[in-house]
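A.B. asks: Here you go, one structure.
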Amino acid sequence: MIINNLGLTLGITSLIMVLLYFNNEKSYDQWNPNKDTIYKVSHKMFNGEYFDTTTVPEGPVSTEVIPEISAFVSTKTEYSKDVITYNDISIFQGKMLEVDSNFFDFFPHPILKGNPEEILKANNSVVISSSVEKKLFGNASSYGKTIKVGNKEYIVTGVYELQRPSIIEPQVLFKKEIDNRLWWGNYNRYTFYRVKEGTDIPALEKKMFQVFEENYFRKEAKELGISVQEYVDIQGAIPFVESLESVRLFTKGDGSLEGKGNYPLLVSMLILSILIIAISCVNFINLSIATAVFRAKEVGIQKSNGVSKGQIITQYFLEIGIQCLLSFFLALVLVELIVPHFNDFIGKELAITSGGVVFRVFLIVIALIGGIGSVIGGYIANFDINKVLKGNFSRSKRMIIMRNGMLGLQFVISGFFLIGSLVMYAQLKYMNEKDTGFSGEQIITVAFNNPEGNYWEQYQLIKQELEKHPGIITIGASSVSPGLTQNFTLDMDYLGKVVEVTGIPTDFGYFDMMGVAMASGRDFSATFSSDSLNTIIFNKTAIKALGIKDPIQKKINLIGKELTIIGVVNDYHIKGYDKKIAPAFYVHFNTIEWFNETFETVHFKIKEREMYKTIADIEQFWNEEIETSYPFTYAFMDKQFKKTFEKYEQQKIIFLSLTLIVIIISLLGLFALSTLTIQQRYKEIAIRKTLGATTLVIMKQLFKDFFRITVMASFILLPLAFYSTSLWLDNFIYKIDMPVWPYLLTPFLLLLLVFMVVGVKSYKATKVDLIKYLKFE
């Protein structure tokens, strides 16, 4: 009974876990009563990329001239963090967001305190979530109280209960400053439209494009002496909208403030969990039938004493029901134990009580009880009295084909999971070992946390005081650090060819610190005063994209300033292996006035033997001289970069877990079928032994059917697995060639498992008592 219930328990457990995860991802913003009329604005760029962000003027202008848009709201594209102080209590709070004053009209989190119409009207107003209020004020009310955020004072004008999950989950809200600058080419905010019911979305998107055309594209095209369409093709952006409900899982861009879900993974997990529960049920049936064979004489005697088929079916129906319900409750206990660890692993707050998942699975179990009970009860109730009382059980050819087919399906699914896990392992091993183009070893990145700080001045102080530290090799800074996503892009024109190029201001010696080699020319040097004023370096990808031949000493325009190309640096990875290395330019921070405001971290290259002592010294200096009221936070650069493919590591572990479950269930299925098959051939085995067959010959006869099933399953499995793993590898720009060894190893492992399980059962079968099975012949 324990073995019988184990497979079903594991199947129900995996189904509940996957449904909890799937339900959570599908429930983003389902709490929002306005979800059917709210759309997020995005853009398809001229180079085929998608921008989730919008420009400053398009929201107000589009709302004014397009009647289908009734209102808009915009927010910043990043959360901020700062120290919040009330009296003698201070907390370092993240997820703070600047929004338009009508934010709650679009995202109506329940207002617990304050007037919903007024809470974000004043510039010095702040609205906090109930959890932040609890941290700062305990059980007291925060309404109307003055708090300090950094060095600024704000009045708490409202408290709200944050609803989750949502694509935007702020804990603190400020009124965003009004920006009337008509920057049609600067995409720096998220914008949402509320549209009227029944709006034709494709028609709306055409009108949105016309707004851009009339206010921006025509002017730019005229200055370049080309048509609007030509401008759109080489430099334009086409606006489109995505419904609020679809943003989390189906957005074409990178998602909103809370990131983007992985819908293909969710669907795959759901389908596979359904297959697992189906296999579990088949195993349960096979094991139950195999067990029932031992009770066949009991059934025969019952029928001889006048017990009806209906009574026998009812008896076994109740037995199966008890076992299924037991598996269900055991699965609930297992899920309750797993969920906290799973939440830590994926960064979720799943609960077994959420979304009615348990009730739905309970209904599935009730349906399984009906189906399984009917199959097993009907099978047993139809035993032939004369045959079972003699110990002879008929074998239906149809039943044999069905059971063999299900065992083959189990092998196909097990092999699919196994090959998928091995290919994932190979790809992630490649990513862990691939040359990133830079050396992040012994480099830590230390983040500034005070949003009001003058980072450039603080950076100069850090260099002045810490460069003489014996444990520090060098100190540097760059606006873009590998593994961190903050960056800005500019359209760069060279001889009429426009390319979107990532801007990466740096300090002197940055490439040397990072171990990035120059492909040609030279690095920035403090010995040349011009290097901080009017020189520029490109990566190889940018030179190729711009079509610059012999680039050294060529001139190029950047934001109205003429710069001289002094070098070309080798490409290196910044955003991970699922993104192409983008065209990039490098200038010194002082080249353009506002460039020294674009970095948020300082890089320290530290001697290996003095690593942690030096980090402790940096922390002490930082806390005493740089940010006295803020936490000191740092990360190792190589580990920071590896976080870019952390989600794939999670996929690997989830897939591996399901693989282990499938293999366990398949082994149980193999055990069930081999037990049932060999039990039904005991008389044949006895006759063969009487006629002088050796143990090896008998085992060979028993093994060959399972061998045939495994081989046939492998022929089905290999092309299916190859197609699916190829699709998964297509997620990566930089990937392995499809390895052959998983496709050779998996069939071998399946055969090995079959040999081990069936071999043991076959060997035991050769030791049958001849008299017991031949005494009636």
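In the structure tokens, each chain is lettered A, B, ... as it comes, each chain's residues begin at 1, and ligands are numbered from 1 in order of appearance.
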Applying 12 Å and only C-alpha atoms, which residues near segment 38-40 of chain A remain after dropping the ones on its own chain fewer than 3 positions away? List them as an MDAnalysis selection string.
C.D. replies: chainID A and resid 29:30 32:35 43 51:54 59 68:75 105:107 167:168 189:197 199 201 204:205 239:248 250:253 255:256
A.B. asks: Include C-alpha atoms and write out the residues we just selected as a PDB file, in the first residue's frame.
C.D. replies:
```pdb
ATOM      1  CA  ASP A  29      -3.475  42.744 -11.345  1.00  0.00           C
ATOM      2  CA  GLN A  30      -6.599  40.544 -11.349  1.00  0.00           C
ATOM      3  CA  ASN A  32      -7.763  45.661 -10.142  1.00  0.00           C
ATOM      4  CA  PRO A  33     -11.382  46.553 -11.033  1.00  0.00           C
ATOM      5  CA  ASN A  34     -10.097  48.742 -13.906  1.00  0.00           C
ATOM      6  CA  LYS A  35      -7.993  46.014 -15.520  1.00  0.00           C
ATOM      7  CA  HIS A  43       7.247  51.011 -28.583  1.00  0.00           C
ATOM      8  CA  PHE A  51      10.946  49.582 -25.389  1.00  0.00           C
ATOM      9  CA  ASP A  52       8.618  49.294 -22.392  1.00  0.00           C
ATOM     10  CA  THR A  53       9.143  52.978 -21.743  1.00  0.00           C
ATOM     11  CA  THR A  54       7.556  56.120 -23.155  1.00  0.00           C
ATOM     12  CA  GLY A  59       0.864  60.724 -22.608  1.00  0.00           C
ATOM     13  CA  GLU A  68     -10.705  56.924 -27.065  1.00  0.00           C
ATOM     14  CA  ILE A  69      -8.157  57.713 -24.307  1.00  0.00           C
ATOM     15  CA  SER A  70      -9.964  59.034 -21.249  1.00  0.00           C
ATOM     16  CA  ALA A  71      -6.922  59.469 -18.967  1.00  0.00           C
ATOM     17  CA  PHE A  72      -3.259  58.576 -18.540  1.00  0.00           C
ATOM     18  CA  VAL A  73      -0.844  58.036 -15.677  1.00  0.00           C
ATOM     19  CA  SER A  74       2.937  57.828 -15.765  1.00  0.00           C
ATOM     20  CA  THR A  75       5.539  56.618 -13.290  1.00  0.00           C
ATOM     21  CA  ASP A 105      -7.368  56.050 -10.223  1.00  0.00           C
ATOM     22  CA  PHE A 106      -5.478  53.419 -12.211  1.00  0.00           C
ATOM     23  CA  PHE A 107      -4.218  51.206  -9.376  1.00  0.00           C
ATOM     24  CA  ILE A 167       3.289  44.708 -12.100  1.00  0.00           C
ATOM     25  CA  ILE A 168       3.880  47.752  -9.847  1.00  0.00           C
ATOM     26  CA  ARG A 189       8.928  56.558 -17.994  1.00  0.00           C
ATOM     27  CA  TYR A 190       6.109  54.039 -17.888  1.00  0.00           C
ATOM     28  CA  THR A 191       2.781  55.286 -19.182  1.00  0.00           C
ATOM     29  CA  PHE A 192      -0.682  53.736 -18.896  1.00  0.00           C
ATOM     30  CA  TYR A 193      -3.837  54.744 -20.762  1.00  0.00           C
ATOM     31  CA  ARG A 194      -7.402  54.236 -19.664  1.00  0.00           C
ATOM     32  CA  VAL A 195      -9.426  53.642 -22.798  1.00  0.00           C
ATOM     33  CA  LYS A 196     -13.156  53.676 -23.317  1.00  0.00           C
ATOM     34  CA  GLU A 197     -14.968  50.345 -23.409  1.00  0.00           C
ATOM     35  CA  THR A 199     -12.315  50.715 -28.241  1.00  0.00           C
ATOM     36  CA  ILE A 201      -7.228  48.766 -30.243  1.00  0.00           C
ATOM     37  CA  LEU A 204      -6.177  53.378 -31.440  1.00  0.00           C
ATOM     38  CA  GLU A 205      -2.570  52.391 -32.154  1.00  0.00           C
ATOM     39  CA  PRO A 239       3.832  52.963 -30.311  1.00  0.00           C
ATOM     40  CA  PHE A 240       1.494  50.150 -29.315  1.00  0.00           C
ATOM     41  CA  VAL A 241      -0.440  49.142 -26.207  1.00  0.00           C
ATOM     42  CA  GLU A 242      -0.658  45.987 -24.111  1.00  0.00           C
ATOM     43  CA  SER A 243      -3.544  45.230 -21.770  1.00  0.00           C
ATOM     44  CA  LEU A 244      -2.780  45.433 -18.061  1.00  0.00           C
ATOM     45  CA  GLU A 245      -3.626  41.736 -17.644  1.00  0.00           C
ATOM     46  CA  SER A 246      -1.152  40.678 -20.326  1.00  0.00           C
ATOM     47  CA  VAL A 247       1.890  42.702 -19.258  1.00  0.00           C
ATOM     48  CA  ARG A 248       3.281  40.230 -16.704  1.00  0.00           C
ATOM     49  CA  PHE A 250       2.908  38.374 -22.534  1.00  0.00           C
ATOM     50  CA  THR A 251       4.681  41.721 -22.848  1.00  0.00           C
ATOM     51  CA  LYS A 252       7.011  42.009 -25.818  1.00  0.00           C
ATOM     52  CA  GLY A 253       9.497  43.987 -23.768  1.00  0.00           C
ATOM     53  CA  GLY A 255       8.305  43.732 -18.217  1.00  0.00           C
ATOM     54  CA  SER A 256       7.449  46.426 -15.713  1.00  0.00           C
TER      55      SER A 256
END
```
A.B. asks: Please provide as a ChimeraX atom specification all residues within 6 Å of segment 509-525 of chain A, with the sequence filter that same-chain residues fewer than 3 positions apart are discarded (counting only C-alpha atoms).
C.D. replies: /A:438-439,476,528,531,566-570
A.B. asks: Running DSSP on the backbone, which parts of segment 176-373 of chain A land in helix (DSSP H, G or I), as a ChimeraX atom specification?
C.D. replies: /A:201-224,228-235,244-250,263-293,296-304,309-346,354-373
A.B. asks: For Gly11 of chain A, which residue among A:Val697, A:Val156, A:Leu658, A:Ile322 is the nearest when counting only C-alpha atoms?
C.D. replies: A:Leu658
A.B. asks: Just want the 12 Å neighbourhood of Thr353 of chain A, counted on only C-alpha atoms, with same-chain residues fewer than 6 positions away dropped. Output as a short mmCIF file (atom, residue, chain, number, x, y, z; two decimals) with C-alpha atoms, in the first residue's frame.
C.D. replies:
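And here's part-v3.cif as it stands now:
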```
data_model
loop_
_atom_site.label_atom_id
_atom_site.label_comp_id
_atom_site.auth_asym_id
_atom_site.auth_seq_id
_atom_site.Cartn_x
_atom_site.Cartn_y
_atom_site.Cartn_z
CA ILE A 16 -0.53 21.42 -6.48
CA MET A 17 2.88 23.14 -6.54
CA LEU A 19 -0.90 25.16 -9.96
CA LEU A 20 0.06 27.45 -7.07
CA ASN A 23 -2.14 30.71 -10.42
CA ASN A 24 0.14 33.34 -8.88
CA LEU A 332 -1.09 18.56 1.31
CA VAL A 335 3.22 20.85 -0.05
CA GLU A 336 2.98 22.68 3.26
CA VAL A 339 6.16 25.86 -0.03
CA PHE A 359 -10.28 22.71 -3.77
CA ARG A 360 -9.71 22.28 -7.49
CA VAL A 361 -7.18 19.53 -6.91
#
```
A.B. asks: Nearest to Thr77 of chain A among A:Gly225, A:Pro202, A:Pro170, A:Gly453, with distances taken over only C-alpha atoms: which residue is it?
C.D. replies: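 The answer is A:Pro170, which sits nearest to Thr77 of chain A.
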A.B. asks: Using only C-alpha atoms, tabulate the residues of segment 148-209 of chain A lying at most 12 Å from any atom of segment 488-495 of chain A, each with its closest atom pair and that distance in Å to one decimal, by chain and increasing residue number, as a tab-separated table.
C.D. replies:
```
residue	atom	partner	partner_atom	distance
A:Gly185	CA	A:Asp491	CA	9.5
A:Asn186	CA	A:Leu490	CA	9.1
A:Tyr187	CA	A:Thr489	CA	9.8
A:Asn188	CA	A:Phe488	CA	9.6
```
A.B. asks: What lies within 6 Å of Glu161 of chain A using only C-alpha atoms, ignoring chain neighbours under 5 positions off, as a short mmCIF file (atom, residue, chain, number, x, y, z; two decimals) with C-alpha atoms, in the first residue's frame?
C.D. replies:
```cif
data_model
loop_
_atom_site.label_atom_id
_atom_site.label_comp_id
_atom_site.auth_asym_id
_atom_site.auth_seq_id
_atom_site.Cartn_x
_atom_site.Cartn_y
_atom_site.Cartn_z
CA HIS A 109 -5.13 50.03 -3.66
CA PRO A 110 -7.56 50.49 -0.74
CA SER A 129 1.74 51.37 2.65
CA SER A 130 0.35 49.90 5.84
#
```
A.B. asks: Separation of atom CA of Glu600 of chain A and atom CA of Ile618 of chain A, in Å?
C.D. replies: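 Separation of atom CA of Glu600 of chain A and atom CA of Ile618 of chain A: 16.4 Å.
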A.B. asks: In terms of the shortest atom-to-atom distance over only C-alpha atoms, which of A:Ile401, A:Leu272, A:Ile615, A:Ile733 is closest to Lys579 of chain A?
C.D. replies: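 Counting only C-alpha atoms, the residue closest to Lys579 of chain A is A:Ile733.
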A.B. asks: If you run DSSP on this backbone, which residues of segment 46-280 of chain A come out as strand (DSSP E), and could you give them as a PyMOL selection string?
C.D. replies: chain A and resi 50-51+69-75+80-86+89-99+111-113+125-129+146-149+152-160+172-175+190-195+237-243
A.B. asks: Identify, on the basis of only C-alpha atoms, every residue whose closest approach to Gly471 of chain A does not exceed 7 Å; exclude the query and any residue fewer than 5 positions from it along the same chain; express the result as a count of residues only.
C.D. replies: 4
A.B. asks: For the atom pair atom CA of Lys652 of chain A and atom CA of Ile736 of chain A, what is the interatomic distance in Å to one decimal place?
C.D. replies: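 Going from atom CA of Lys652 of chain A over to atom CA of Ile736 of chain A, I get 15.7 Å.
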